[in-house]
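Report on the structure given below.
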Amino acid sequence: MKRFSFRLQTLLDMKRRREEELARKVAEKNNEIIRAQQSLREGRDRLSQFQAEEKRQRTTALSAVLLRLSVVHRHTLQRDIEDHGRRIAKIRQELQTAVQSLREAKIETRTLEILRDKKRDQWKRDYAREEQEFTDDVSQKGHIRKSKTAGAPYGR
């Protein structure tokens with residue numbers, strides 16, 4: 001009797017671990033996007049607070065040095081916002097790649113599961129056939145033995 005091959009199961013386990021690893025990577029990228037969006041919102045809030053404060057200060061006194069410093073600071077805040085936007089776009093691209101890899105890994109895993117199930121079903125059919133052949137052989141030999149001893153008297 002042949003045994004069911006567990007090499008396919010081992011390969012399937014490896015694919016499942018890879019799938020779990022990719023799922024963790026997708027979750028990390030999602031969290032990274034959330035954090036980047038929060039810092040982008042904070043940067044925009046800082047810029048709008050700074051602009052409102054500057055608007056109030058300009059109504060009272062105009063100093064060339066203060067005006068120049070406020071322009072430099074405003075440009076720095078805007079640059080930070082743009083950097084956060086680029087960072088979010090980069091992370092989203094990485095996320096898209098990770099999601100595609102996860103999708104492919106799920107397809108591979110499902111394919112192996114189907115193959116494993118088909119092989120297991122084939123093994124079960126083969127085992128059942130061998131078992132039936134063995135049972136038929138035993139009952140046939142028993143019938144032959146009974147028929148030989150039924151016609152012959154004991155003690156011969």
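The chains in the structure tokens are called A, B, ... from first to last as shown; in each chain the residues are counted from 1, and the ligands are counted from 1 in the order shown.
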Using 12 Å as the limit and counting only C-alpha atoms, can you tabulate each residue of stretch 94-155 of chain A that touches stretch 8-27 of chain A, with its shortest atom-to-atom distance in Å and the two atoms involved, as a Markdown table?
| residue | atom | partner | partner_atom | distance |
| --- | --- | --- | --- | --- |
| A:Glu94 | CA | A:Val26 | CA | 8.9 |
| A:Leu95 | CA | A:Val26 | CA | 6.1 |
| A:Gln96 | CA | A:Val26 | CA | 8.7 |
| A:Thr97 | CA | A:Val26 | CA | 9.2 |
| A:Ala98 | CA | A:Val26 | CA | 5.9 |
| A:Val99 | CA | A:Val26 | CA | 6.3 |
| A:Gln100 | CA | A:Leu22 | CA | 9.7 |
| A:Ser101 | CA | A:Leu22 | CA | 7.2 |
| A:Leu102 | CA | A:Leu22 | CA | 5.5 |
| A:Arg103 | CA | A:Glu19 | CA | 8.7 |
| A:Glu104 | CA | A:Glu19 | CA | 9.0 |
| A:Ala105 | CA | A:Glu19 | CA | 5.6 |
| A:Lys106 | CA | A:Glu19 | CA | 6.5 |
| A:Ile107 | CA | A:Glu19 | CA | 9.8 |
| A:Glu108 | CA | A:Lys15 | CA | 7.4 |
| A:Thr109 | CA | A:Lys15 | CA | 5.8 |
| A:Arg110 | CA | A:Leu12 | CA | 8.9 |
| A:Thr111 | CA | A:Leu12 | CA | 9.4 |
| A:Leu112 | CA | A:Leu12 | CA | 6.2 |
| A:Glu113 | CA | A:Leu12 | CA | 7.0 |
| A:Ile114 | CA | A:Leu12 | CA | 10.4 |
| A:Leu115 | CA | A:Leu8 | CA | 8.4 |
| A:Arg116 | CA | A:Leu8 | CA | 6.4 |
| A:Asp117 | CA | A:Gln9 | CA | 10.0 |
| A:Lys118 | CA | A:Leu8 | CA | 11.3 |
| A:Lys119 | CA | A:Leu8 | CA | 9.2 |
| A:Arg120 | CA | A:Leu8 | CA | 10.2 |
Polymer residues at most 12 Å from A:Leu67, only C-alpha atoms, same-chain spacing of 3 or more positions, as a VMD selection string
chain A and resid 51 54 to 55 57 to 58 61 to 64 70 to 74
What would the file look like if the residues just selected were written as a compact mmCIF listing (two decimals), in the first residue's frame with N, CA and C atoms?
# COMPACT_ATOMS: atom_id res chain seq x y z
N GLN A 51 0.31 80.88 9.16
CA GLN A 51 -0.19 81.92 8.26
C GLN A 51 -1.19 82.84 8.97
N GLU A 54 0.85 85.10 11.22
CA GLU A 54 1.55 86.10 10.42
C GLU A 54 0.59 87.18 9.93
N LYS A 55 -0.60 86.79 9.59
CA LYS A 55 -1.60 87.75 9.12
C LYS A 55 -1.93 88.76 10.22
N GLN A 57 0.11 89.53 12.74
CA GLN A 57 1.31 90.33 13.03
C GLN A 57 1.54 91.39 11.96
N ARG A 58 1.19 91.12 10.73
CA ARG A 58 1.43 92.08 9.65
C ARG A 58 0.52 93.29 9.75
N ALA A 61 2.69 95.58 12.67
CA ALA A 61 3.99 96.17 12.32
C ALA A 61 4.63 95.36 11.21
N LEU A 62 5.27 96.05 10.30
CA LEU A 62 5.96 95.37 9.21
C LEU A 62 7.46 95.60 9.36
N SER A 63 8.18 94.53 9.57
CA SER A 63 9.62 94.59 9.66
C SER A 63 10.16 93.73 8.53
N ALA A 64 11.15 94.22 7.81
CA ALA A 64 11.70 93.49 6.66
C ALA A 64 12.34 92.17 7.11
N SER A 70 9.62 85.02 8.08
CA SER A 70 8.32 84.34 7.98
C SER A 70 8.16 83.68 6.61
N VAL A 71 8.68 84.33 5.55
CA VAL A 71 8.61 83.72 4.22
C VAL A 71 9.46 82.45 4.18
N VAL A 72 10.65 82.50 4.77
CA VAL A 72 11.52 81.33 4.80
C VAL A 72 10.86 80.19 5.58
N HIS A 73 10.27 80.54 6.73
CA HIS A 73 9.62 79.51 7.54
C HIS A 73 8.41 78.91 6.81
N ARG A 74 7.63 79.76 6.14
CA ARG A 74 6.48 79.29 5.39
C ARG A 74 6.91 78.34 4.27
Can you measure atom CA of A:His84 to atom CA of A:Ala36 for me? One decimal in Å is fine.
6.5 Å
Expressed in Å to a single decimal, how great is the separation between atom CA of A:Val138 and atom CA of A:Trp123?
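Separation of atom CA of A:Val138 and atom CA of A:Trp123: 22.3 Å.
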My list of candidates is A:Glu32, A:Asp121, A:Asp137, A:Glu42. Which is closest to A:Ile81 when distances are computed with only C-alpha atoms?
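Ranking A:Glu32, A:Asp121, A:Asp137, A:Glu42 by distance to A:Ile81, first place goes to A:Glu42.
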Name the residues in contact with A:Ile33 at a cut-off of 10 Å, using only C-alpha atoms, excluding same-chain residues fewer than 5 positions from it; report them as a PDB file with N, CA, C and O atoms, in the first residue's frame.
ATOM      1  N   ALA A  27      -0.070  45.073   5.866  1.00  0.00           N
ATOM      2  CA  ALA A  27      -0.586  45.760   7.056  1.00  0.00           C
ATOM      3  C   ALA A  27       0.387  46.841   7.532  1.00  0.00           C
ATOM      4  O   ALA A  27      -0.024  47.948   7.911  1.00  0.00           O
ATOM      5  N   GLU A  28       1.689  46.538   7.496  1.00  0.00           N
ATOM      6  CA  GLU A  28       2.696  47.531   7.893  1.00  0.00           C
ATOM      7  C   GLU A  28       2.652  48.737   6.969  1.00  0.00           C
ATOM      8  O   GLU A  28       2.755  49.883   7.424  1.00  0.00           O
ATOM      9  N   GLN A  38      -1.182  61.371   8.911  1.00  0.00           N
ATOM     10  CA  GLN A  38      -1.324  62.149  10.143  1.00  0.00           C
ATOM     11  C   GLN A  38      -0.271  63.253  10.199  1.00  0.00           C
ATOM     12  O   GLN A  38      -0.580  64.395  10.537  1.00  0.00           O
ATOM     13  N   SER A  39       0.973  62.922   9.843  1.00  0.00           N
ATOM     14  CA  SER A  39       2.005  63.968   9.871  1.00  0.00           C
ATOM     15  C   SER A  39       1.761  64.999   8.782  1.00  0.00           C
ATOM     16  O   SER A  39       2.066  66.179   8.968  1.00  0.00           O
ATOM     17  N   ARG A  87       6.221  61.167   0.061  1.00  0.00           N
ATOM     18  CA  ARG A  87       6.421  59.959   0.864  1.00  0.00           C
ATOM     19  C   ARG A  87       5.175  59.077   0.841  1.00  0.00           C
ATOM     20  O   ARG A  87       5.258  57.853   0.694  1.00  0.00           O
ATOM     21  N   ILE A  88       4.001  59.692   0.951  1.00  0.00           N
ATOM     22  CA  ILE A  88       2.740  58.940   0.896  1.00  0.00           C
ATOM     23  C   ILE A  88       2.583  58.271  -0.465  1.00  0.00           C
ATOM     24  O   ILE A  88       2.194  57.102  -0.555  1.00  0.00           O
ATOM     25  N   ALA A  89       2.906  58.992  -1.536  1.00  0.00           N
ATOM     26  CA  ALA A  89       2.799  58.418  -2.881  1.00  0.00           C
ATOM     27  C   ALA A  89       3.746  57.226  -3.029  1.00  0.00           C
ATOM     28  O   ALA A  89       3.371  56.190  -3.607  1.00  0.00           O
ATOM     29  N   LYS A  90       4.960  57.345  -2.491  1.00  0.00           N
ATOM     30  CA  LYS A  90       5.925  56.246  -2.566  1.00  0.00           C
ATOM     31  C   LYS A  90       5.430  55.036  -1.778  1.00  0.00           C
ATOM     32  O   LYS A  90       5.505  53.895  -2.247  1.00  0.00           O
ATOM     33  N   ILE A  91       4.897  55.274  -0.584  1.00  0.00           N
ATOM     34  CA  ILE A  91       4.397  54.177   0.250  1.00  0.00           C
ATOM     35  C   ILE A  91       3.200  53.509  -0.429  1.00  0.00           C
ATOM     36  O   ILE A  91       3.081  52.285  -0.405  1.00  0.00           O
ATOM     37  N   ARG A  92       2.340  54.308  -1.055  1.00  0.00           N
ATOM     38  CA  ARG A  92       1.187  53.721  -1.755  1.00  0.00           C
ATOM     39  C   ARG A  92       1.644  52.839  -2.910  1.00  0.00           C
ATOM     40  O   ARG A  92       1.050  51.792  -3.167  1.00  0.00           O
ATOM     41  N   LEU A  95       2.830  49.740  -1.382  1.00  0.00           N
ATOM     42  CA  LEU A  95       1.653  48.991  -0.933  1.00  0.00           C
ATOM     43  C   LEU A  95       1.006  48.262  -2.103  1.00  0.00           C
ATOM     44  O   LEU A  95       0.632  47.093  -1.985  1.00  0.00           O
TER      45      LEU A  95
END
